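For reference, run-v6.pdb is printed below; it contains PDB, C-alpha atoms.
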```pdb
ATOM      1  CA  GLU S   1       0.000   0.000   0.000
ATOM      2  CA  LEU S   2       2.791   2.417   0.877
ATOM      3  CA  SER S   3       4.587   1.504  -2.343
ATOM      4  CA  ASP S   4       1.505   2.341  -4.408
ATOM      5  CA  MET S   5       0.673   5.465  -2.413
ATOM      6  CA  LEU S   6       4.210   6.900  -2.675
ATOM      7  CA  GLY S   7       4.924   5.686  -6.200
ATOM      8  CA  VAL S   8       8.109   3.821  -5.226
ATOM      9  CA  ASN S   9       9.072   0.168  -5.256
ATOM     10  CA  ARG S  10       8.586  -2.148  -2.292
ATOM     11  CA  LEU S  11      12.318  -2.406  -1.564
ATOM     12  CA  THR S  12      12.534   1.385  -1.108
ATOM     13  CA  VAL S  13       9.645   1.292   1.355
ATOM     14  CA  ARG S  14      11.221  -1.621   3.237
ATOM     15  CA  MET S  15      14.574   0.210   3.477
ATOM     16  CA  ALA S  16      12.876   3.417   4.650
ATOM     17  CA  LEU S  17      10.990   1.525   7.376
ATOM     18  CA  GLN S  18      14.237  -0.133   8.498
ATOM     19  CA  ARG S  19      15.910   3.281   8.738
ATOM     20  CA  LEU S  20      12.994   4.718  10.746
ATOM     21  CA  ASN S  21      13.168   1.685  13.012
ATOM     22  CA  THR S  22      16.926   2.160  13.529
ATOM     23  CA  LEU S  23      16.358   5.821  14.391
ATOM     24  CA  GLY S  24      13.718   4.841  16.963
ATOM     25  CA  ILE S  25      10.900   6.675  15.194
ATOM     26  CA  ILE S  26       8.921   3.487  14.564
ATOM     27  CA  GLU S  27       8.972   0.028  16.059
ATOM     28  CA  THR S  28       8.204  -3.122  14.175
ATOM     29  CA  LYS S  29       6.371  -5.969  15.878
ATOM     30  CA  VAL S  30       6.565  -9.329  14.168
ATOM     31  CA  GLY S  31       3.188 -10.347  12.838
ATOM     32  CA  GLU S  32       1.588  -7.005  13.765
ATOM     33  CA  GLY S  33       3.296  -4.344  11.645
ATOM     34  CA  SER S  34       5.154  -1.076  12.201
ATOM     35  CA  PHE S  35       4.009   1.550  14.696
ATOM     36  CA  VAL S  36       5.059   5.164  15.312
ATOM     37  CA  ARG S  37       6.767   5.557  18.707
ATOM     38  CA  ASP S  38       6.988   8.525  21.059
ATOM     39  CA  PHE S  39      10.094  10.146  19.642
ATOM     40  CA  SER S  40      12.830  11.798  21.679
ATOM     41  CA  ILE S  41      15.926  13.485  20.398
ATOM     42  CA  MET S  42      17.813  12.568  23.588
ATOM     43  CA  PRO S  43      19.561   9.408  22.346
ATOM     44  CA  TYR S  44      21.070  11.401  19.485
ATOM     45  CA  LEU S  45      22.038  14.369  21.628
ATOM     46  CA  ASN S  46      23.684  12.069  24.167
ATOM     47  CA  GLU S  47      25.933  10.741  21.420
ATOM     48  CA  ILE S  48      27.400  14.217  20.808
ATOM     49  CA  TYR S  49      27.343  15.435  24.420
ATOM     50  CA  ASP S  50      30.905  14.597  25.434
ATOM     51  CA  VAL S  51      32.412  15.896  22.225
ATOM     52  CA  TYR S  52      30.450  19.131  21.947
ATOM     53  CA  PHE S  53      30.001  20.343  25.503
ATOM     54  CA  THR S  54      33.310  19.531  27.219
ATOM     55  CA  SER S  55      34.745  22.983  26.539
ATOM     56  CA  ALA S  56      31.665  24.973  27.623
ATOM     57  CA  SER S  57      32.353  27.482  30.401
ATOM     58  CA  LEU S  58      30.120  28.019  33.412
ATOM     59  CA  GLU S  59      29.150  31.448  32.030
ATOM     60  CA  GLU S  60      28.084  29.862  28.725
ATOM     61  CA  ILE S  61      26.043  27.235  30.558
ATOM     62  CA  CYS S  62      24.317  29.886  32.711
ATOM     63  CA  ALA S  63      23.505  31.968  29.626
ATOM     64  CA  LEU S  64      21.992  28.961  27.841
ATOM     65  CA  ARG S  65      20.021  27.974  30.937
ATOM     66  CA  ARG S  66      18.594  31.478  31.293
ATOM     67  CA  LEU S  67      17.523  31.477  27.653
ATOM     68  CA  LEU S  68      15.999  27.982  27.782
ATOM     69  CA  GLU S  69      14.459  28.094  31.234
ATOM     70  CA  MET S  70      13.004  31.585  31.040
ATOM     71  CA  GLU S  71      11.245  30.713  27.790
ATOM     72  CA  SER S  72      10.074  27.459  29.398
ATOM     73  CA  ALA S  73       8.702  29.399  32.383
ATOM     74  CA  LYS S  74       6.822  31.717  30.023
ATOM     75  CA  LEU S  75       5.324  28.693  28.256
ATOM     76  CA  MET S  76       4.495  26.965  31.559
ATOM     77  CA  ILE S  77       2.515  30.063  32.552
ATOM     78  CA  LYS S  78       0.607  29.720  29.286
ATOM     79  CA  ASN S  79       0.347  25.914  28.949
ATOM     80  CA  GLY S  80       0.874  24.445  32.426
ATOM     81  CA  THR S  81      -1.799  22.126  33.787
ATOM     82  CA  ASP S  82      -2.845  21.569  37.395
ATOM     83  CA  GLU S  83      -0.863  18.319  37.286
ATOM     84  CA  ASP S  84       2.259  20.178  36.107
ATOM     85  CA  PHE S  85       2.009  22.647  38.984
ATOM     86  CA  ALA S  86       1.330  19.848  41.496
ATOM     87  CA  GLU S  87       4.433  17.982  40.305
ATOM     88  CA  LEU S  88       6.526  21.161  40.575
ATOM     89  CA  LYS S  89       5.198  21.752  44.118
ATOM     90  CA  ALA S  90       6.072  18.197  45.181
ATOM     91  CA  ILE S  91       9.627  18.659  43.881
ATOM     92  CA  LEU S  92       9.879  22.060  45.593
ATOM     93  CA  ASP S  93       8.729  20.638  48.940
ATOM     94  CA  GLU S  94      11.393  17.912  48.768
ATOM     95  CA  TYR S  95      14.004  20.471  47.728
ATOM     96  CA  LEU S  96      13.196  22.816  50.628
ATOM     97  CA  ALA S  97      13.310  19.961  53.159
ATOM     98  CA  LEU S  98      16.692  18.855  51.816
ATOM     99  CA  GLU S  99      17.970  22.435  51.851
ATOM    100  CA  GLU S 100      17.068  22.771  55.516
ATOM    101  CA  GLU S 101      18.754  19.452  56.301
ATOM    102  CA  MET S 102      21.791  20.468  54.271
ATOM    103  CA  LEU S 103      22.232  23.742  56.132
ATOM    104  CA  SER S 104      22.198  21.952  59.485
ATOM    105  CA  THR S 105      24.234  18.833  58.620
ATOM    106  CA  LYS S 106      26.626  20.033  55.861
ATOM    107  CA  SER S 107      26.373  16.457  54.543
ATOM    108  CA  GLU S 108      27.788  15.803  51.092
ATOM    109  CA  LYS S 109      25.202  13.038  50.568
ATOM    110  CA  VAL S 110      22.343  15.419  51.380
ATOM    111  CA  PHE S 111      23.908  18.020  49.094
ATOM    112  CA  GLU S 112      23.865  15.525  46.210
ATOM    113  CA  GLN S 113      20.174  14.807  46.852
ATOM    114  CA  LEU S 114      19.468  18.534  47.106
ATOM    115  CA  PHE S 115      21.256  19.173  43.849
ATOM    116  CA  GLU S 116      19.303  16.429  42.042
ATOM    117  CA  ARG S 117      16.008  17.885  43.254
ATOM    118  CA  ASP S 118      17.165  21.339  42.130
ATOM    119  CA  LEU S 119      17.774  19.966  38.641
ATOM    120  CA  ASP S 120      14.423  18.127  38.773
ATOM    121  CA  PHE S 121      12.706  21.430  39.629
ATOM    122  CA  HIS S 122      14.138  23.189  36.584
ATOM    123  CA  HIS S 123      13.549  20.177  34.335
ATOM    124  CA  GLN S 124       9.895  20.091  35.390
ATOM    125  CA  ILE S 125       9.498  23.705  34.269
ATOM    126  CA  CYS S 126      10.938  22.764  30.870
ATOM    127  CA  THR S 127       8.643  19.716  30.722
ATOM    128  CA  ALA S 128       5.580  21.775  31.674
ATOM    129  CA  SER S 129       6.314  24.180  28.817
ATOM    130  CA  LYS S 130       4.889  21.436  26.551
ATOM    131  CA  ASN S 131       7.843  21.972  24.211
ATOM    132  CA  SER S 132       9.546  18.595  23.865
ATOM    133  CA  LEU S 133      12.751  20.175  22.538
ATOM    134  CA  PHE S 134      13.064  22.349  25.648
ATOM    135  CA  ARG S 135      12.486  19.288  27.840
ATOM    136  CA  ASP S 136      15.112  17.278  25.952
ATOM    137  CA  LEU S 137      17.660  20.098  25.807
ATOM    138  CA  PHE S 138      17.520  20.511  29.577
ATOM    139  CA  ALA S 139      17.947  16.760  29.991
ATOM    140  CA  LEU S 140      20.966  16.926  27.681
ATOM    141  CA  MET S 141      22.454  19.775  29.703
ATOM    142  CA  ARG S 142      21.810  18.095  33.044
ATOM    143  CA  PRO S 143      25.142  16.200  33.267
ATOM    144  CA  LEU S 144      26.957  19.338  32.175
ATOM    145  CA  ILE S 145      25.275  21.487  34.823
ATOM    146  CA  ARG S 146      25.932  18.806  37.433
ATOM    147  CA  ARG S 147      29.614  18.614  36.505
ATOM    148  CA  HIS S 148      30.183  22.354  36.745
ATOM    149  CA  ILE S 149      28.190  22.872  39.929
ATOM    150  CA  ALA S 150      29.885  19.891  41.583
ATOM    151  CA  MET S 151      33.130  21.878  41.491
ATOM    152  CA  HIS S 152      31.494  24.354  43.858
ATOM    153  CA  THR S 153      29.986  21.805  46.254
ATOM    154  CA  TYR S 154      32.226  22.475  49.210
ATOM    155  CA  THR S 155      32.094  26.246  48.717
ATOM    156  CA  TRP S 156      28.295  26.120  48.786
ATOM    157  CA  MET S 157      28.343  23.881  51.854
ATOM    158  CA  GLU S 158      30.487  26.390  53.742
ATOM    159  CA  ASN S 159      28.884  29.571  52.348
ATOM    160  CA  PRO S 160      25.342  28.971  51.045
ATOM    161  CA  PRO S 161      24.142  31.634  48.597
ATOM    162  CA  ASN S 162      22.062  34.503  49.949
ATOM    163  CA  TYR S 163      18.358  34.412  49.381
ATOM    164  CA  PHE S 164      16.753  36.703  46.839
ATOM    165  CA  ASP S 165      15.182  39.646  48.672
ATOM    166  CA  GLY S 166      15.449  37.566  51.852
ATOM    167  CA  GLU S 167      13.392  34.655  50.492
ATOM    168  CA  GLU S 168      14.195  31.246  49.025
ATOM    169  CA  PRO S 169      14.411  31.820  45.257
ATOM    170  CA  HIS S 170      12.908  28.477  44.183
ATOM    171  CA  LYS S 171       9.825  29.191  46.294
ATOM    172  CA  LEU S 172       9.582  32.708  44.852
ATOM    173  CA  LEU S 173       9.761  31.291  41.329
ATOM    174  CA  TYR S 174       7.122  28.661  42.105
ATOM    175  CA  ASP S 175       4.810  31.338  43.558
ATOM    176  CA  ALA S 176       5.316  33.518  40.466
ATOM    177  CA  LEU S 177       4.562  30.592  38.145
ATOM    178  CA  VAL S 178       1.396  29.657  40.045
ATOM    179  CA  ALA S 179       0.291  33.299  39.948
ATOM    180  CA  ARG S 180       1.129  33.239  36.220
ATOM    181  CA  ASP S 181       3.190  36.375  36.835
ATOM    182  CA  TRP S 182       5.766  36.580  34.049
ATOM    183  CA  LYS S 183       7.274  39.849  35.357
ATOM    184  CA  ALA S 184       8.098  38.223  38.697
ATOM    185  CA  CYS S 185       9.573  35.169  36.933
ATOM    186  CA  LYS S 186      11.715  37.415  34.774
ATOM    187  CA  LYS S 187      13.031  39.175  37.864
ATOM    188  CA  ILE S 188      14.006  36.029  39.780
ATOM    189  CA  TYR S 189      15.273  33.723  37.025
ATOM    190  CA  PRO S 190      18.654  35.306  36.227
ATOM    191  CA  TYR S 191      19.570  35.219  39.921
ATOM    192  CA  LEU S 192      18.287  31.686  40.377
ATOM    193  CA  VAL S 193      20.174  30.213  37.402
ATOM    194  CA  ALA S 194      23.413  31.950  38.406
ATOM    195  CA  THR S 195      23.295  30.501  41.938
ATOM    196  CA  SER S 196      21.828  27.025  41.465
TER     197      SER S 196
END
```
Structure encoded using structure tokens:
Amino acid sequence: ELSDMLGVNRLTVRMALQRLNTLGIIETKVGEGSFVRDFSIMPYLNEIYDVYFTSASLEEICALRRLLEMESAKLMIKNGTDEDFAELKAILDEYLALEEEMLSTKSEKVFEQLFERDLDFHHQICTASKNSLFRDLFALMRPLIRRHIAMHTYTWMENPPNYFDGEEPHKLLYDALVARDWKACKKIYPYLVATS
């Protein structure tokens, strides 16, 4: 049917389906046929990660995060569902509990958990934007962000960053997103990305 519809021979169709299968765009089930899969660019981006991003500076990473995450926040304000906001709140609650524990214990293990929840918080904003490229780009950057921030682990443990206007910046950002207040998001995001 595809051969007739596209005006090509059967071998060309078979080769095209094999290529789509190799790329992960379709999956073929024996005896059932070929089916379109949920596609993600992540496997391809992961292949180039180590080569492309090893020379990126912390300033370059922060600039890219601001660009990506601020646009994601704007789209979350527009497209975010109740479920998206509930998921972000759950992550925030875990983050704040870990932050409190971290400040009292100075535990490297707790810091690692705190840092993972911090990354989860920002990834959820990208996910809630409903732009799959934003979601996947943040996931691609995650190891890079982790690597650079890890260099500052002990500094942060000894001298935690100041709060923004005396308040925890992740909570301020969450409140601004829930209020769908883009101006407030715009104000907090550059500070938040530079310090987390």
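Of note, CA of Gly31 (chain S) and CA of Thr12 (chain S) are spaced 20.5 Å apart.
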Could you spell out the hits of the PyMOL selection byres ((chain S and resi 62) around 10) on the shown file, as a ChimeraX atom specification?
-> /S:57-61,63-68,145,190,192-196
On this structure, which residues satisfy the PyMOL selection byres ((chain S and resi 126) around 10), written as an MDAnalysis selection string?
-> chainID S and resid 68:76 120:125 127:139
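Listed by chain and then by number, the residues chosen by the PyMOL selection byres ((chain S and resi 115) around 10) in this file are S:Tyr95, S:Leu98, S:Glu99, S:Lys109, S:Val110, S:Phe111, S:Glu112, S:Gln113, S:Leu114, S:Glu116, S:Arg117, S:Asp118, S:Leu119, S:Asp120, S:Phe121, S:Arg146, S:Ile149, S:Ala150, S:Thr153, S:Ser196.
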Contacts of Lys89 (chain S) at 12 Å or less, counting all atoms listed in the file, minus same-chain residues fewer than 3 places along, as a PyMOL selection string?
-> chain S and resi 82-86+92-96+117+120-122+124-125+170-175+177-178
Padding 6 Å on every side, please: axis-aligned box over the listed atoms of region 105-112 of chain S, centre and edge lengths to one decimal in Å, as lines of an AutoDock Vina configuration file.
```
center_x = 25.1
center_y = 16.5
center_z = 52.4
size_x = 17.4
size_y = 19.0
size_z = 24.4
```
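CA of Asn79 (chain S) sits 14.7 Å away from CA of Ala176 (chain S).
Taking CA of Met102 (chain S) and CA of Tyr191 (chain S) as the two end points, the separation is 20.7 Å.
Remark: for Lys78 (chain S), the closest of the candidate residues S:Leu23, S:Ile188, S:Ala179, S:Val36 is S:Ala179 (distances computed over only C-alpha atoms).
Here the question is which of S:Ile77, S:Ile91, S:Met141, S:Leu17 gets nearest to Arg180 (chain S) using only C-alpha atoms, and that residue is S:Ile77.
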